[in-house]
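Source file: coords-v7.csv. Holds: CSV, C-alpha atoms and all ligand atoms.
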chain,number,residue,atom,x,y,z
H,1,MET,CA,243.0,196.0,64.0
H,2,VAL,CA,241.2,192.9,65.1
H,3,GLY,CA,237.6,192.6,63.9
H,4,ALA,CA,234.7,191.5,66.1
H,5,CYS,CA,234.5,188.2,64.3
H,6,SER,CA,238.1,187.2,64.7
H,7,ARG,CA,238.1,188.4,68.3
H,8,THR,CA,235.1,186.1,69.0
H,9,HIS,CA,237.0,183.4,67.3
H,10,VAL,CA,240.1,184.0,69.5
H,11,PHE,CA,237.9,183.7,72.6
H,12,VAL,CA,236.3,180.6,71.4
H,13,ILE,CA,239.8,179.0,71.1
H,14,ILE,CA,240.8,180.3,74.5
H,15,SER,CA,237.5,178.9,75.9
H,16,ALA,CA,238.2,175.5,74.4
H,17,HIS,CA,241.7,175.4,75.9
H,18,LEU,CA,240.5,176.6,79.3
H,19,LYS,CA,237.8,173.9,79.1
H,20,ASP,CA,240.4,171.2,78.6
H,21,TYR,CA,242.5,172.6,81.4
H,22,MET,CA,239.6,172.9,83.8
H,23,SER,CA,238.5,169.3,83.0
H,24,HIS,CA,242.0,168.2,83.8
H,25,LEU,CA,241.9,170.0,87.2
H,26,PHE,CA,238.5,168.5,87.9
H,27,LEU,CA,239.7,165.0,87.2
H,28,ARG,CA,242.8,165.6,89.3
H,29,SER,CA,240.9,166.7,92.3
H,30,ASN,CA,238.9,164.1,94.3
H,31,LYS,CA,237.2,166.8,96.3
H,32,ALA,CA,235.8,168.5,93.2
H,33,LEU,CA,233.6,165.4,92.6
H,34,GLY,CA,231.3,166.0,95.5
H,35,TRP,CA,231.8,169.2,97.4
H,36,THR,CA,229.0,170.4,99.6
H,37,ILE,CA,231.2,172.3,102.1
H,38,ASP,CA,229.8,175.4,103.7
H,39,MET,CA,232.8,177.6,103.2
H,40,PRO,CA,233.6,180.0,106.1
H,41,PRO,CA,233.6,183.6,104.9
H,42,LYS,CA,237.3,184.0,105.5
H,43,ASP,CA,238.0,181.3,103.0
H,44,MET,CA,236.1,183.0,100.2
H,45,ASN,CA,238.0,185.1,97.6
H,46,LEU,CA,236.2,187.9,95.8
H,47,ILE,CA,238.0,190.0,93.2
H,48,ILE,CA,236.6,193.5,92.8
H,49,LEU,CA,237.8,195.1,89.6
H,50,GLY,CA,236.8,198.8,89.3
H,51,CYS,CA,237.8,202.2,88.1
H,52,MET,CA,239.7,204.8,90.0
H,53,GLN,CA,237.2,207.6,89.3
H,54,CYS,CA,234.0,206.2,90.9
H,55,MET,CA,234.7,202.8,92.4
H,56,TYR,CA,237.8,203.8,94.2
H,57,ALA,CA,236.3,207.1,95.4
H,58,ALA,CA,233.2,205.2,96.6
H,59,SER,CA,235.4,202.7,98.5
H,60,ASP,CA,237.2,205.6,100.1
H,61,LEU,CA,233.9,207.2,101.1
H,62,ALA,CA,232.7,203.9,102.5
H,63,GLY,CA,235.8,203.8,104.7
H,64,THR,CA,235.3,207.4,105.8
H,65,MET,CA,231.7,206.5,106.7
H,66,LYS,CA,233.0,203.4,108.6
H,67,LEU,CA,230.8,201.1,106.5
H,68,GLN,CA,231.8,197.5,106.6
H,69,TYR,CA,232.0,195.3,103.6
H,70,ASP,CA,232.9,191.7,103.2
H,71,ILE,CA,236.5,190.8,104.2
H,72,ALA,CA,236.7,188.3,101.4
H,73,SER,CA,236.9,191.1,98.8
H,74,ARG,CA,240.2,192.2,97.3
H,75,ILE,CA,240.0,195.5,95.3
H,76,ILE,CA,242.0,196.0,92.2
H,77,ARG,CA,241.7,199.4,90.6
H,78,MET,CA,242.2,200.5,87.0
H,79,PRO,CA,242.0,203.9,85.4
H,80,CYS,CA,238.7,203.0,83.8
H,81,THR,CA,236.7,199.8,83.3
H,82,ALA,CA,237.5,200.3,79.7
H,83,ARG,CA,240.8,198.6,80.6
H,84,LEU,CA,238.9,195.5,81.6
H,85,ASP,CA,240.0,192.4,79.6
H,86,ILE,CA,237.9,189.2,79.7
H,87,ASN,CA,241.1,187.4,80.4
H,88,PHE,CA,241.4,189.2,83.8
H,89,ILE,CA,238.1,187.6,84.8
H,90,LEU,CA,239.0,184.1,83.5
H,91,LYS,CA,242.4,184.3,85.1
H,92,ALA,CA,240.9,185.3,88.4
H,93,LEU,CA,238.5,182.3,88.3
H,94,GLN,CA,241.2,180.0,87.1
H,95,GLU,CA,243.4,181.0,90.0
H,96,GLY,CA,240.6,180.1,92.4
H,97,ALA,CA,238.6,183.3,93.0
H,98,ASP,CA,235.0,182.5,93.9
H,99,GLY,CA,233.6,185.5,92.2
H,100,VAL,CA,234.6,188.5,90.2
H,101,LEU,CA,232.7,191.8,90.6
H,102,VAL,CA,233.3,194.6,88.2
H,103,ILE,CA,232.4,198.1,89.4
H,104,GLY,CA,232.2,201.1,87.0
H,105,CYS,CA,230.8,204.6,86.9
H,106,HIS,CA,227.1,205.0,86.1
H,107,PRO,CA,226.3,205.1,82.4
H,108,GLY,CA,226.9,208.7,81.3
H,109,ASP,CA,229.5,209.3,84.1
H,110,CYS,CA,232.5,207.5,82.8
H,111,ALA,CA,235.5,209.8,82.5
H,112,TYR,CA,236.3,208.1,79.2
H,113,LYS,CA,232.7,208.5,78.0
H,114,THR,CA,231.8,204.9,77.2
H,115,GLY,CA,234.4,202.8,78.9
H,116,ASN,CA,231.9,201.4,81.3
H,117,LEU,CA,229.5,200.4,78.5
H,118,GLY,CA,232.2,198.5,76.7
H,119,ALA,CA,233.1,196.8,80.0
H,120,GLU,CA,229.5,195.8,80.5
H,121,ARG,CA,229.4,194.1,77.1
H,122,ARG,CA,232.6,192.2,77.9
H,123,VAL,CA,231.2,191.1,81.3
H,124,ARG,CA,228.1,189.8,79.5
H,125,PHE,CA,230.4,187.8,77.2
H,126,ALA,CA,232.6,186.6,80.1
H,127,ARG,CA,229.5,185.3,81.8
H,128,LYS,CA,228.6,183.3,78.7
H,129,LEU,CA,232.1,181.9,78.5
H,130,VAL,CA,232.1,181.0,82.2
H,131,GLY,CA,228.8,179.2,81.8
H,132,GLN,CA,230.2,177.2,78.8
H,133,LEU,CA,233.2,176.3,81.0
H,134,GLY,CA,230.8,174.7,83.5
H,135,LEU,CA,230.9,177.3,86.2
H,136,ASN,CA,227.9,179.3,87.4
H,137,GLU,CA,227.8,182.5,85.4
H,138,ASP,CA,226.6,184.4,88.4
H,139,ARG,CA,230.2,184.2,89.6
H,140,VAL,CA,230.7,187.2,87.4
H,141,LYS,CA,228.8,190.4,87.7
H,142,MET,CA,229.0,194.1,86.9
H,143,VAL,CA,227.4,197.0,88.8
H,144,PHE,CA,227.6,200.8,88.7
H,145,VAL,CA,228.3,203.2,91.5
H,146,SER,CA,229.1,206.9,91.7
H,147,ALA,CA,231.9,208.5,93.8
H,148,ALA,CA,229.2,209.7,96.2
H,149,GLU,CA,227.7,206.3,96.8
H,150,GLY,CA,229.9,204.8,99.5
H,151,ASP,CA,226.8,203.1,101.0
H,152,LYS,CA,225.9,201.5,97.6
H,153,PHE,CA,229.5,200.4,97.1
H,154,ALA,CA,229.5,198.5,100.4
H,155,ALA,CA,226.0,197.1,99.9
H,156,GLU,CA,226.8,195.8,96.4
H,157,ILE,CA,229.9,194.0,97.7
H,158,ASN,CA,228.0,192.5,100.6
H,159,GLN,CA,225.2,191.4,98.3
H,160,PHE,CA,227.6,189.8,95.9
H,161,ALA,CA,229.4,188.0,98.7
H,162,ASP,CA,226.0,186.6,99.8
H,163,GLU,CA,225.2,185.5,96.3
H,164,ILE,CA,228.6,183.8,96.0
H,165,ARG,CA,228.2,182.1,99.4
H,166,GLU,CA,224.9,180.8,98.1
H,167,ILE,CA,226.5,179.4,95.0
H,168,GLY,CA,229.4,177.8,96.9
H,169,PRO,CA,233.2,177.7,96.5
H,170,ASN,CA,234.9,177.7,93.1
H,171,PRO,CA,235.2,174.0,92.3
H,172,ILE,CA,238.6,174.7,90.7
H,173,ARG,CA,240.0,175.7,94.0
H,174,LEU,CA,239.0,172.5,95.8
O,201,LIG,FE1,234.8,204.9,85.8
O,201,LIG,FE2,235.2,204.8,83.1
O,201,LIG,S1,236.0,206.2,84.5
O,201,LIG,S2,234.1,203.4,84.3
Please, can you express the file's structure as structure tokens?
Ligand code: FES
Amino acid sequence: MVGACSRTHVFVIISAHLKDYMSHLFLRSNKALGWTIDMPPKDMNLIILGCMQCMYAASDLAGTMKLQYDIASRIIRMPCTARLDINFILKALQEGADGVLVIGCHPGDCAYKTGNLGAERRVRFARKLVGQLGLNEDRVKMVFVSAAEGDKFAAEINQFADEIREIGPNPIRL
């Protein structure tokens, strides 16, 4: 079993490697040196990682209620946010996603008891790593919804989309 210290050590190493790689991409891209482009919504990519129990049911309900949420969002479901790995977030950003939103069940509602709380801790850590890599840490966020909150699901995605539009496009993608 990997202890907390050695796991932190591994992520520090990954972070150092990613930093080198990202610097390389930055240097290679002329556009990255001075982007101020207002990115049209259709060019924005948001990755929504969430659980099947609450997030997916809420998205289904939002569809039934004919609620609209930002077209830039791409939903990826997992059995529980307990499955969330920090590398999923880093990989999404590395591949050019402008933001990653993790959606789990409300505390106390997780089908696997504390999967969502563990995910929340990992998201907090991912935000720190992302900040150290020179990106705005607000590109990564976690929220909670219940299966009955189709309206909250749509509102959270729309709010996140507005926040990411405010921050601007992921410089790695330019
Ligand atoms: Fe939804 Fe665990 S089942 S976060």
With 5 Å of padding per side, what axis-aligned box (centre and edge lengths, Å, one decimal) covers all the listed atoms of region 114-123 of chain H? Give it as AutoDock Vina command-line options.
--center_x 231.9 --center_y 198.0 --center_z 79.0 --size_x 15.0 --size_y 23.8 --size_z 14.6
Original post:
Between H:Ile48, H:Ile75, H:Cys110, H:Leu61, which is the closest to ligand LIG 201 (chain O) once you count only C-alpha atoms and all ligand atoms?
Top reply: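 Closest to ligand LIG 201 (chain O), using only C-alpha atoms and all ligand atoms: H:Cys110.
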Original post:
Which is closer to ligand LIG 201 (chain O) than all the others in H:Glu163, H:Asp151, H:Asp138, H:Glu120, using all atoms listed in the file?
Top reply: H:Glu120
**OP:** Write out as a ChimeraX atom specification each polymer residue whose atoms come within 9 Å of Leu90 (chain H), counting only C-alpha atoms; drop sequence neighbours fewer than 4 positions from it.
**Re:** /H:18,86,94-95,126,129-130
Only C-alpha atoms, please: the residues just picked out, written as a PDB file, keeping the file's coordinate frame.
ATOM      1  CA  LEU H  18     240.500 176.600  79.300  1.00  0.00           C
ATOM      2  CA  ILE H  86     237.900 189.200  79.700  1.00  0.00           C
ATOM      3  CA  GLN H  94     241.200 180.000  87.100  1.00  0.00           C
ATOM      4  CA  GLU H  95     243.400 181.000  90.000  1.00  0.00           C
ATOM      5  CA  ALA H 126     232.600 186.600  80.100  1.00  0.00           C
ATOM      6  CA  LEU H 129     232.100 181.900  78.500  1.00  0.00           C
ATOM      7  CA  VAL H 130     232.100 181.000  82.200  1.00  0.00           C
TER       8      VAL H 130
END
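When all atoms listed in the file are used to measure the gap to ligand LIG 201 (chain O), the shortest distance among H:Phe153, H:Tyr112, H:Tyr56, H:Phe125 belongs to H:Tyr112.
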Subject >> For Cys54 (chain H), the nearest of the candidates H:Ala148, H:Leu117, H:Val143, H:Leu84, counting only C-alpha atoms >> reply: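 Among the listed residues, the smallest separation from Cys54 (chain H) belongs to H:Ala148.
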Protein and nucleic acid residues within 10 Å of ligand LIG 201 (chain O) (all atoms listed in the file) as a short mmCIF file (atom, residue, chain, number, x, y, z; two decimals) with C-alpha atoms, in the frame of the given file:
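Here's the written file selection-v8.cif:
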data_model
loop_
_atom_site.label_atom_id
_atom_site.label_comp_id
_atom_site.auth_asym_id
_atom_site.auth_seq_id
_atom_site.Cartn_x
_atom_site.Cartn_y
_atom_site.Cartn_z
CA GLY H 50 236.80 198.80 89.30
CA CYS H 51 237.80 202.20 88.10
CA MET H 52 239.70 204.80 90.00
CA GLN H 53 237.20 207.60 89.30
CA CYS H 54 234.00 206.20 90.90
CA MET H 55 234.70 202.80 92.40
CA TYR H 56 237.80 203.80 94.20
CA ALA H 57 236.30 207.10 95.40
CA MET H 78 242.20 200.50 87.00
CA PRO H 79 242.00 203.90 85.40
CA CYS H 80 238.70 203.00 83.80
CA THR H 81 236.70 199.80 83.30
CA ALA H 82 237.50 200.30 79.70
CA ARG H 83 240.80 198.60 80.60
CA LEU H 84 238.90 195.50 81.60
CA VAL H 102 233.30 194.60 88.20
CA ILE H 103 232.40 198.10 89.40
CA GLY H 104 232.20 201.10 87.00
CA CYS H 105 230.80 204.60 86.90
CA HIS H 106 227.10 205.00 86.10
CA PRO H 107 226.30 205.10 82.40
CA GLY H 108 226.90 208.70 81.30
CA ASP H 109 229.50 209.30 84.10
CA CYS H 110 232.50 207.50 82.80
CA ALA H 111 235.50 209.80 82.50
CA TYR H 112 236.30 208.10 79.20
CA LYS H 113 232.70 208.50 78.00
CA THR H 114 231.80 204.90 77.20
CA GLY H 115 234.40 202.80 78.90
CA ASN H 116 231.90 201.40 81.30
CA LEU H 117 229.50 200.40 78.50
CA GLY H 118 232.20 198.50 76.70
CA ALA H 119 233.10 196.80 80.00
CA GLU H 120 229.50 195.80 80.50
CA PHE H 144 227.60 200.80 88.70
CA VAL H 145 228.30 203.20 91.50
CA SER H 146 229.10 206.90 91.70
CA ALA H 147 231.90 208.50 93.80
#
Subject >> CA of Glu156 (chain H) to CA of Gly134 (chain H), distance in Å rounded to a single decimal >> reply: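 One can read the CA of Glu156 (chain H) to CA of Gly134 (chain H) distance as 25.1 Å.
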**OP:** Would you list the contacts of Leu101 (chain H) as a ChimeraX atom specification, taking every protein, DNA or RNA residue within 7 Å and counting only C-alpha atoms, but skipping same-chain residues closer than 3 positions in sequence?
**Re:** /H:47-49,140-142
May I have the selected residues written with C-alpha atoms, as an mmCIF file, in the frame of the given file?
data_model
loop_
_atom_site.group_PDB
_atom_site.id
_atom_site.type_symbol
_atom_site.label_atom_id
_atom_site.label_comp_id
_atom_site.auth_asym_id
_atom_site.auth_seq_id
_atom_site.Cartn_x
_atom_site.Cartn_y
_atom_site.Cartn_z
ATOM 1 C CA ILE H 47 238.000 190.000 93.200
ATOM 2 C CA ILE H 48 236.600 193.500 92.800
ATOM 3 C CA LEU H 49 237.800 195.100 89.600
ATOM 4 C CA VAL H 140 230.700 187.200 87.400
ATOM 5 C CA LYS H 141 228.800 190.400 87.700
ATOM 6 C CA MET H 142 229.000 194.100 86.900
#
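Using all atoms listed in the file, the shortest contact distance between Lys91 (chain H) and any of H:Ile172, H:Lys152, H:Asp60, H:Asn158 is found at H:Ile172.
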**OP:** Using CA of Ala154 (chain H) and CA of Glu166 (chain H) as the two end points, give the distance in Å to one decimal.
**Re:**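 Taking CA of Ala154 (chain H) and CA of Glu166 (chain H), their separation equals 18.4 Å.
Note that the spacing between CA of Gln159 (chain H) and CA of Val100 (chain H) amounts to 12.7 Å.
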Original post:
Using all atoms listed in the file, which residue out of H:Met44, H:Phe160, H:Ala62, H:Glu149 lies closest to Gly96 (chain H)?
Top reply: H:Met44
